[in-house]
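S.K.: If you scroll down you'll find the structure; I have some questions about it.
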Amino acid sequence: MAIIITLADATVVTLTVLFLAFVYQNRRKFTSTKYPPGPPGLPLVGCAFENPSSEKQPYKGWRELYGPISHFRLLTQDVFVLNTHRLAYELLDKRANTYADRPRQVMCAELISWNRAIALAPAGTRHRKYRKLVNSVLSPNATKRLWPVQEKSASAFVTTLFHQCVDKPSDAGQSHSGYEFLEVIRQVIGMHVVDIIYGPESIVEDESRGSGRQAVGLSKQNMEKYIHDADEAHALFAKALVPFAYIVDWIPWLQFLPESTPFVSFKKEARQARENLVKLTMFPYTKVRERIAMGLPQISYVDHCFTTTPDPTPEDEESIAWTAMSAYTGGSDTTIAAIKTAFFAASLHPEAQALAQSELDQIVGQERMPEINDRPNLPYVTAFVNECMRLIPVAPVAIPHRAMEDETIDEYFIPKGATIIPNIREMLRDPDIYESPLSFDPVRFLPTTGTPTHPDIKGRTELNIGSLPYGFGRRICPGMHLADSGVWLYVSTLLWAYHVSMVDDDGSIVKDRAAKWESAQFSSGAIQYPLPFKVKLVPRSSAVESLLRNA
Ligand code: HEM
């Protein structure tokens, strides 16, 4: 019997085969498409018109609202927000290889070219090479060599505060505004991070000049300009980092239209930002390269790279230059934010400040400043720093990761390509872990064993904040050990030196501190810190004052 296959039959068979192949390829989606709860959004476009990532405090309160993991969609992009430490640990730490990548960010990473820096470099050989380079200087052991540099900077910090915020001559008509400390934080910490990454200038004899001396490397003036330019570049980075912040993030082919086309003003902005970023990367590097070529080494990240790679290829040089810039931009604003938060917490919690100061008096005394080796004997001071990092985390939503494979967690499906946001702020306010999570209470971090420095204060739960404020997995902050010792030194030295109080516009000390704490405003975006407030600094004793004056 002859079998006659008609065109219609062939079409049906072809379509069936294609359909089955499609179902097979997407079998995970068909068997387990359960997504976690989250804002529903609109059909097809999802939350495109009300992007939760663009809110002032993104994903705040989502743990209570949606549970440990939440989901929303921006057009075709699935976004998962991890609201508990357990979930983040399960996915980003335990399955680190699958979440080592960053999501595509057309404006920030590709057009401005932040993907040449570490934070947005795609997972792979280049990112691994970058991390290896920075780890050689920023690993826990390697950072110990930088402790003396950090101690010197903490000392410069409190003495500069003295000259700028306490001792300004009022007879010259210069009264204190109360805001000066903010500029001191920016300058001293900015300079310190530049110093650690690029090293100070070297002074050499120069016969051809009348003065006979010449500065080689990054001069103080260069550093000041660098800090200013880096601030601008980083502000734009933070703006462009918000997922789908620019139209080109939604419709990537727009990048191929000429700059003069209406609605593509982003192209001009990207071109200028890219040029500035390249200058920001190459200018300090070239200066330091000159110094190193003249045989004038300093202790710095770039110097260290040249010691381990004495004959760098052009590719090595590119890696050194871009990792150096990444470490500066990654390390300065974050440390500055942490110190602003410490001022804020101390100025509104005089009782906690006084406990830290009595511990400092007992262990360090008033004849010298704290050193990093004092840390094990100063549990309350350490608990104070931890509590600042917990309640007002510097990077409340870290930097998004990207799922490189289909995955399931609990009963939920995470498709390959999804954006994963670690909601660090929610993790650090989880009531299952932190009792009364919205209260500022350093005691929660005190050790329960050992002799307490304050007999009537015993540790409650002995929590360990660990690396949580610094992110996860393959992308965990490579500067966290440097930041950990640096923030501790700045805060302990500040509390050792001054009584810190918040003041109102008329200069009087704030009375209703609880109301100020409740109504405080914080920056929006990737880095969190309290918005400008005024403080009054009073040296803690005449012994301390004389040390600050003469240091
Ligand atoms: C209080 C200070 C700091 C905090 C809270 C902080 C926090 C973070 C966080 C949350 C991330 C993202 C992690 C993730 O994606 O899971 C990160 C990444 C990064 N941080 Fe830090 N950081 C601090 C200081 C520093 C310092 C001092 C440096 C360098 C000297 C640095 C360099 C970097 C770099 C290069 C990245 C990108 C890592 C990558 O994508 O592989 N940070 N940091």
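Lettering and numbering for the structure tokens are positional, with chains as A, B, ... in the shown order, residues counted from 1 in each chain, and ligands counted from 1 in the shown order.
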Name all residues at most 10 Å from Glu318 (chain A) (count only C-alpha atoms; drop same-chain ones fewer than 4 positions away) and give them as a ChimeraX atom specification.
M.R.: /A:116,281-282,285,312-314,322-324
S.K.: Could I get the residue neighbourhood of ligand 1 at 6 Å, counting only C-alpha atoms and all ligand atoms, as number ranges by chain?
M.R.: A: 118-120, 326-328, 330-331, 334-335, 338, 394-395, 398-399, 469-472, 475-480, 482-483
S.K.: With C-alpha atoms kept, could you save the residues just selected as a compact mmCIF listing (two decimals), in the first residue's frame?
M.R.:
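Heads up, here's the output in part38.txt:
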```txt
# COMPACT_ATOMS: atom_id res chain seq x y z
CA ILE A 118 37.47 44.53 37.90
CA ALA A 119 33.94 45.09 39.19
CA LEU A 120 32.21 44.71 35.82
CA SER A 326 39.54 49.63 40.15
CA ALA A 327 41.09 49.31 43.59
CA TYR A 328 41.12 53.09 44.07
CA GLY A 330 36.35 50.46 44.83
CA GLY A 331 38.20 51.39 48.01
CA THR A 334 33.25 52.78 50.39
CA THR A 335 35.71 53.53 53.22
CA ALA A 338 31.79 53.74 56.49
CA VAL A 394 28.01 50.60 52.88
CA ALA A 395 26.89 48.51 49.89
CA ALA A 398 26.20 44.88 46.56
CA ILE A 399 26.74 44.57 42.79
CA PRO A 469 28.96 43.52 54.14
CA TYR A 470 31.56 42.67 51.48
CA GLY A 471 29.50 40.46 49.16
CA PHE A 472 29.80 36.89 47.96
CA ARG A 475 33.06 38.49 43.39
CA ILE A 476 33.53 39.07 47.10
CA CYS A 477 35.30 42.37 47.74
CA PRO A 478 39.06 41.80 47.27
CA GLY A 479 39.78 44.86 49.44
CA MET A 480 37.83 43.62 52.47
CA LEU A 482 42.34 46.31 53.96
CA ALA A 483 38.93 47.91 54.58
```
S.K.: As an exercise, work out the distance from CA of Thr98 (chain A) to CA of Pro400 (chain A) in Å and give it to one decimal place.
M.R.: 13.4 Å
S.K.: Please identify the helix (DSSP H, G or I) residues within region 188-391 of chain A (assignment by DSSP from backbone atoms) and present them as a short mmCIF file (atom, residue, chain, number, x, y, z; two decimals) with C-alpha atoms, in the first residue's frame.
M.R.:
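Contents of result_3.cif, as written:
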```
data_model
loop_
_atom_site.label_atom_id
_atom_site.label_comp_id
_atom_site.auth_asym_id
_atom_site.auth_seq_id
_atom_site.Cartn_x
_atom_site.Cartn_y
_atom_site.Cartn_z
CA VAL A 188 42.55 62.22 54.15
CA ILE A 189 40.97 58.90 53.20
CA GLY A 190 41.11 59.69 49.47
CA MET A 191 44.83 60.51 49.75
CA HIS A 192 45.47 57.42 51.82
CA VAL A 193 43.90 55.07 49.27
CA VAL A 194 45.78 56.81 46.40
CA ASP A 195 48.94 56.39 48.45
CA ILE A 196 48.37 52.67 48.96
CA ILE A 197 47.60 52.08 45.29
CA TYR A 198 50.08 54.40 43.54
CA LYS A 220 50.24 65.87 46.11
CA GLN A 221 48.66 68.19 43.53
CA ASN A 222 48.24 65.31 41.07
CA MET A 223 46.62 63.30 43.86
CA GLU A 224 44.13 66.04 44.69
CA LYS A 225 43.10 66.32 41.04
CA TYR A 226 42.92 62.54 40.77
CA ILE A 227 40.61 62.32 43.80
CA HIS A 228 38.35 64.96 42.29
CA ASP A 229 38.20 63.29 38.85
CA ALA A 230 37.68 59.87 40.41
CA ASP A 231 34.73 61.24 42.44
CA GLU A 232 33.07 62.39 39.22
CA ALA A 233 33.72 59.14 37.39
CA HIS A 234 32.46 57.10 40.32
CA ALA A 235 29.27 59.15 40.67
CA LEU A 236 28.44 58.39 37.05
CA PHE A 237 29.37 54.72 37.60
CA ALA A 238 26.90 54.51 40.51
CA LYS A 239 24.16 56.11 38.37
CA ALA A 240 24.77 53.89 35.32
CA LEU A 241 25.10 50.74 37.46
CA ILE A 247 17.35 53.47 27.28
CA VAL A 248 20.23 51.64 25.60
CA ASP A 249 20.15 49.03 28.39
CA TRP A 250 16.62 48.19 27.20
CA PRO A 252 20.98 47.68 22.90
CA TRP A 253 20.96 48.25 19.12
CA LEU A 254 20.41 51.98 19.76
CA GLN A 255 24.16 52.14 20.43
CA PHE A 256 24.79 51.74 16.69
CA SER A 265 22.09 61.63 23.90
CA PHE A 266 23.43 58.74 26.00
CA LYS A 267 26.07 58.21 23.30
CA LYS A 268 27.71 61.59 23.90
CA GLU A 269 27.54 61.06 27.67
CA ALA A 270 29.11 57.61 27.25
CA ARG A 271 31.87 58.88 24.95
CA GLN A 272 32.90 61.64 27.35
CA ALA A 273 32.72 59.32 30.35
CA ARG A 274 34.82 56.71 28.50
CA GLU A 275 37.50 59.27 27.63
CA ASN A 276 37.60 60.45 31.24
CA LEU A 277 37.81 56.89 32.54
CA VAL A 278 40.77 56.08 30.30
CA LYS A 279 42.55 59.29 31.45
CA LEU A 280 41.75 58.45 35.07
CA THR A 281 43.32 55.04 34.57
CA MET A 282 46.37 55.99 32.52
CA PHE A 283 47.47 59.32 34.05
CA PRO A 284 48.50 58.10 37.53
CA TYR A 285 49.82 54.87 36.09
CA THR A 286 52.13 56.70 33.67
CA LYS A 287 53.44 58.93 36.46
CA VAL A 288 54.20 55.95 38.70
CA ARG A 289 55.73 54.07 35.77
CA GLU A 290 58.20 56.96 35.28
CA ARG A 291 59.16 56.84 38.95
CA ILE A 292 59.65 53.07 38.90
CA ALA A 293 61.68 53.28 35.65
CA TYR A 301 50.12 48.30 44.78
CA VAL A 302 51.65 49.32 41.43
CA ASP A 303 55.21 49.01 42.79
CA HIS A 304 54.37 45.55 44.08
CA CYS A 305 53.02 44.50 40.66
CA PHE A 306 56.30 45.56 39.04
CA THR A 307 58.28 43.55 41.59
CA THR A 308 56.34 40.39 40.81
CA PRO A 314 51.61 45.42 27.15
CA GLU A 315 48.75 43.18 28.29
CA ASP A 316 50.25 42.96 31.81
CA GLU A 317 50.64 46.74 31.91
CA GLU A 318 47.01 47.19 30.90
CA SER A 319 45.96 44.81 33.70
CA ILE A 320 48.08 46.66 36.29
CA ALA A 321 46.72 50.06 35.23
CA TRP A 322 43.06 48.99 35.22
CA THR A 323 43.23 46.98 38.45
CA ALA A 324 44.93 49.94 40.17
CA MET A 325 42.13 52.27 39.10
CA SER A 326 39.54 49.63 40.15
CA ALA A 327 41.09 49.31 43.59
CA TYR A 328 41.12 53.09 44.07
CA THR A 329 37.51 53.61 42.96
CA GLY A 330 36.35 50.46 44.83
CA GLY A 331 38.20 51.39 48.01
CA SER A 332 37.82 55.12 48.52
CA ASP A 333 34.09 55.93 48.45
CA THR A 334 33.25 52.78 50.39
CA THR A 335 35.71 53.53 53.22
CA ILE A 336 34.60 57.18 53.27
CA ALA A 337 30.94 56.05 53.57
CA ALA A 338 31.79 53.74 56.49
CA ILE A 339 33.53 56.56 58.38
CA LYS A 340 30.65 59.00 57.83
CA THR A 341 28.33 56.36 59.28
CA ALA A 342 30.59 55.94 62.33
CA PHE A 343 30.48 59.71 62.97
CA PHE A 344 26.70 59.60 62.63
CA ALA A 345 26.28 56.66 65.02
CA ALA A 346 28.72 58.03 67.60
CA SER A 347 27.17 61.52 67.54
CA LEU A 348 23.68 60.16 68.21
CA PRO A 350 26.76 59.10 73.39
CA GLU A 351 26.27 56.14 75.74
CA ALA A 352 27.89 53.73 73.23
CA GLN A 353 30.58 56.31 72.51
CA ALA A 354 31.36 56.61 76.24
CA LEU A 355 31.65 52.82 76.66
CA ALA A 356 34.08 52.63 73.74
CA GLN A 357 36.09 55.52 75.20
CA SER A 358 36.33 54.01 78.66
CA GLU A 359 37.61 50.79 77.05
CA LEU A 360 40.18 52.80 75.04
CA ASP A 361 41.33 54.61 78.20
CA GLN A 362 41.74 51.30 80.01
CA ILE A 363 43.69 49.52 77.25
CA ILE A 372 45.85 47.52 65.13
CA ASN A 373 47.51 45.16 67.62
CA ASP A 374 45.22 46.60 70.33
CA ARG A 375 42.18 45.23 68.53
CA PRO A 376 41.86 41.87 70.35
CA ASN A 377 41.81 43.78 73.66
CA PRO A 379 36.02 44.10 72.03
CA TYR A 380 33.53 46.91 72.57
CA VAL A 381 35.23 49.19 70.03
CA THR A 382 35.21 46.33 67.52
CA ALA A 383 31.53 45.65 68.33
CA PHE A 384 30.80 49.36 67.74
CA VAL A 385 32.39 49.18 64.26
CA ASN A 386 30.51 45.95 63.44
CA GLU A 387 27.21 47.48 64.51
CA CYS A 388 27.78 50.48 62.19
CA MET A 389 28.55 48.13 59.29
CA ARG A 390 25.44 46.06 60.11
CA LEU A 391 22.79 48.69 60.56
#
```
S.K.: Of the candidates A:Ser436, A:Ser177, A:Ser541, A:Ser153, which one gets nearest to Trp496 (chain A) if we count only C-alpha atoms?
M.R.: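 Of A:Ser436, A:Ser177, A:Ser541, A:Ser153, the one nearest Trp496 (chain A) is A:Ser541, counting only C-alpha atoms.
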S.K.: Near Glu55 (chain A), counting only C-alpha atoms, which residues have an atom at most 9 Å away, once you skip same-chain residues fewer than 5 positions from it, shown as an MDAnalysis selection string?
M.R.: chainID A and resid 50 524:525
S.K.: Write out the residues from the selection above, keeping N, CA, C and O atoms, as a PDB file, in the first residue's frame.
M.R.:
```pdb
ATOM      1  N   GLU A  50       7.969  50.701  36.452  1.00  0.00           N
ATOM      2  CA  GLU A  50       8.243  51.051  37.862  1.00  0.00           C
ATOM      3  C   GLU A  50       9.386  50.178  38.337  1.00  0.00           C
ATOM      4  O   GLU A  50       9.204  49.293  39.169  1.00  0.00           O
ATOM      5  N   SER A 524      21.062  57.679  48.064  1.00  0.00           N
ATOM      6  CA  SER A 524      20.463  56.581  47.299  1.00  0.00           C
ATOM      7  C   SER A 524      21.567  56.014  46.411  1.00  0.00           C
ATOM      8  O   SER A 524      22.641  56.596  46.298  1.00  0.00           O
ATOM      9  N   GLY A 525      21.322  54.892  45.799  1.00  0.00           N
ATOM     10  CA  GLY A 525      22.323  54.336  44.881  1.00  0.00           C
ATOM     11  C   GLY A 525      23.149  53.241  45.518  1.00  0.00           C
ATOM     12  O   GLY A 525      22.811  52.718  46.578  1.00  0.00           O
TER      13      GLY A 525
END
```
S.K.: Could you pull out the residues in region 162-394 of chain A that DSSP calls strand (DSSP E) from the backbone, as an MDAnalysis selection string?
M.R.: chainID A and resid 202:205 213:216
S.K.: Here is a test: counting only C-alpha atoms, which residue of A:Trp517, A:His481, A:Pro258, A:Leu548 is nearest to Asn141 (chain A)?
M.R.: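 Residue with the minimum atom-to-atom distance to Asn141 (chain A): A:His481.
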S.K.: Could you check how far CA of Arg540 (chain A) sits from CA of Asp167 (chain A), in Å to one decimal?
M.R.: 14.1 Å
S.K.: Write out as a PyMOL selection string the residues lying within 12 Å of Asp432 (chain A), counting only C-alpha atoms and excluding same-chain residues fewer than 3 positions away.
M.R.: chain A and resi 63-64+68+84-86+426-429+435-437
S.K.: Output all heavy atoms of each residue in that selection to a file, as a tab-separated table (two decimals), in the first residue's frame.
M.R.:
```
chain	number	residue	atom	x	y	z
A	63	ARG	N	12.23	41.41	52.62
A	63	ARG	CA	12.25	40.11	53.31
A	63	ARG	C	10.90	39.90	53.99
A	63	ARG	O	10.29	38.84	53.89
A	63	ARG	CB	13.39	40.06	54.33
A	63	ARG	CG	13.62	38.67	54.91
A	63	ARG	CD	14.41	38.69	56.19
A	63	ARG	NE	13.79	39.58	57.15
A	63	ARG	CZ	14.23	40.81	57.44
A	63	ARG	NH1	15.32	41.26	56.89
A	63	ARG	NH2	13.57	41.59	58.27
A	64	GLU	N	10.42	40.97	54.67
A	64	GLU	CA	9.14	40.85	55.35
A	64	GLU	C	8.00	40.72	54.34
A	64	GLU	O	7.06	39.97	54.52
A	64	GLU	CB	8.94	42.08	56.23
A	64	GLU	CG	8.06	41.79	57.41
A	64	GLU	CD	7.88	43.02	58.28
A	64	GLU	OE1	8.82	43.84	58.35
A	64	GLU	OE2	6.80	43.16	58.84
A	68	PRO	N	12.32	34.96	51.85
A	68	PRO	CA	13.78	34.88	51.64
A	68	PRO	C	14.24	35.21	50.22
A	68	PRO	O	15.35	35.68	50.01
A	68	PRO	CB	14.10	33.42	51.95
A	68	PRO	CG	12.90	32.85	52.60
A	68	PRO	CD	11.73	33.71	52.29
A	84	THR	N	17.85	36.77	52.39
A	84	THR	CA	18.44	36.20	53.61
A	84	THR	C	19.85	35.72	53.32
A	84	THR	O	20.19	35.37	52.18
A	84	THR	CB	17.64	34.99	54.16
A	84	THR	OG1	17.70	33.95	53.20
A	84	THR	CG2	16.20	35.34	54.48
A	85	HIS	N	20.63	35.66	54.39
A	85	HIS	CA	22.02	35.22	54.26
A	85	HIS	C	22.05	33.76	53.81
A	85	HIS	O	22.89	33.37	53.00
A	85	HIS	CB	22.72	35.39	55.62
A	85	HIS	CG	24.20	35.16	55.54
A	85	HIS	ND1	25.00	35.11	56.63
A	85	HIS	CD2	25.02	34.95	54.50
A	85	HIS	CE1	26.24	34.89	56.26
A	85	HIS	NE2	26.29	34.78	54.96
A	86	ARG	N	21.11	32.94	54.31
A	86	ARG	CA	21.12	31.52	53.95
A	86	ARG	C	21.02	31.34	52.43
A	86	ARG	O	21.79	30.62	51.81
A	86	ARG	CB	19.95	30.77	54.62
A	86	ARG	CG	19.93	29.29	54.26
A	86	ARG	CD	18.69	28.57	54.77
A	86	ARG	NE	17.46	28.91	54.08
A	86	ARG	CZ	17.08	28.39	52.91
A	86	ARG	NH1	17.83	27.51	52.29
A	86	ARG	NH2	15.94	28.76	52.35
A	426	GLU	N	18.82	43.81	53.93
A	426	GLU	CA	17.80	42.95	54.56
A	426	GLU	C	18.45	41.82	55.35
A	426	GLU	O	17.99	41.44	56.41
A	426	GLU	CB	16.87	42.38	53.50
A	426	GLU	CG	15.99	43.43	52.85
A	426	GLU	CD	15.01	44.06	53.83
A	426	GLU	OE1	14.23	43.33	54.44
A	426	GLU	OE2	15.06	45.31	53.99
A	427	MET	N	19.56	41.27	54.81
A	427	MET	CA	20.23	40.17	55.50
A	427	MET	C	20.73	40.62	56.87
A	427	MET	O	20.70	39.88	57.84
A	427	MET	CB	21.43	39.67	54.69
A	427	MET	CG	21.04	39.09	53.35
A	427	MET	SD	22.52	38.66	52.42
A	427	MET	CE	21.86	38.71	50.75
A	428	LEU	N	21.21	41.87	56.93
A	428	LEU	CA	21.80	42.37	58.17
A	428	LEU	C	20.74	42.93	59.14
A	428	LEU	O	21.07	43.39	60.22
A	428	LEU	CB	22.84	43.45	57.85
A	428	LEU	CG	24.12	42.90	57.19
A	428	LEU	CD1	24.95	44.04	56.61
A	428	LEU	CD2	24.94	42.10	58.17
A	429	ARG	N	19.47	42.87	58.69
A	429	ARG	CA	18.38	43.31	59.59
A	429	ARG	C	17.39	42.16	59.80
A	429	ARG	O	16.20	42.40	60.03
A	429	ARG	CB	17.66	44.50	58.97
A	429	ARG	CG	18.53	45.72	58.89
A	429	ARG	CD	17.82	46.87	58.24
A	429	ARG	NE	18.64	48.07	58.33
A	429	ARG	CZ	18.18	49.29	58.16
A	429	ARG	NH1	16.91	49.49	57.90
A	429	ARG	NH2	18.98	50.32	58.26
A	435	GLU	N	18.42	40.35	67.19
A	435	GLU	CA	17.30	40.77	68.04
A	435	GLU	C	17.13	42.29	67.90
A	435	GLU	O	18.13	43.01	67.83
A	435	GLU	CB	17.70	40.43	69.49
A	435	GLU	CG	16.56	40.31	70.45
A	435	GLU	CD	17.13	40.09	71.85
A	435	GLU	OE1	18.03	39.23	72.01
A	435	GLU	OE2	16.69	40.81	72.76
A	436	SER	N	15.91	42.78	67.88
A	436	SER	CA	15.62	44.22	67.66
A	436	SER	C	16.55	44.78	66.58
A	436	SER	O	17.40	45.63	66.86
A	436	SER	CB	15.83	45.03	68.95
A	436	SER	OG	15.17	44.46	70.00
A	437	PRO	N	16.40	44.32	65.35
A	437	PRO	CA	17.41	44.64	64.32
A	437	PRO	C	17.53	46.12	63.99
A	437	PRO	O	18.57	46.54	63.49
A	437	PRO	CB	16.93	43.85	63.09
A	437	PRO	CG	15.51	43.54	63.34
A	437	PRO	CD	15.31	43.48	64.82
```
S.K.: Can you work out the spacing between CA of Thr159 (chain A) and CA of Pro539 (chain A) in Å, to one decimal?
M.R.: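 Going from CA of Thr159 (chain A) over to CA of Pro539 (chain A) covers 10.5 Å.
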S.K.: Could you check which of A:Arg73, A:Lys34, A:Arg425, A:Arg368 is closest to Gln528 (chain A), using only C-alpha atoms?
M.R.: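 Result for the nearest residue to Gln528 (chain A): A:Arg425.
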S.K.: Between A:Gln187, A:Asn97, A:Ser155, A:Ser300, which residue has the minimum interatomic distance to Ala142 (chain A), considering only C-alpha atoms?
M.R.: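 Counting only C-alpha atoms, the residue closest to Ala142 (chain A) is A:Ser300.
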S.K.: Which residue gives the smallest distance to Lys94 (chain A) among A:His127, A:Arg474, A:His401, A:His71, with only C-alpha atoms counted?
M.R.: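 That would be A:Arg474, the residue with the smallest distance to Lys94 (chain A).
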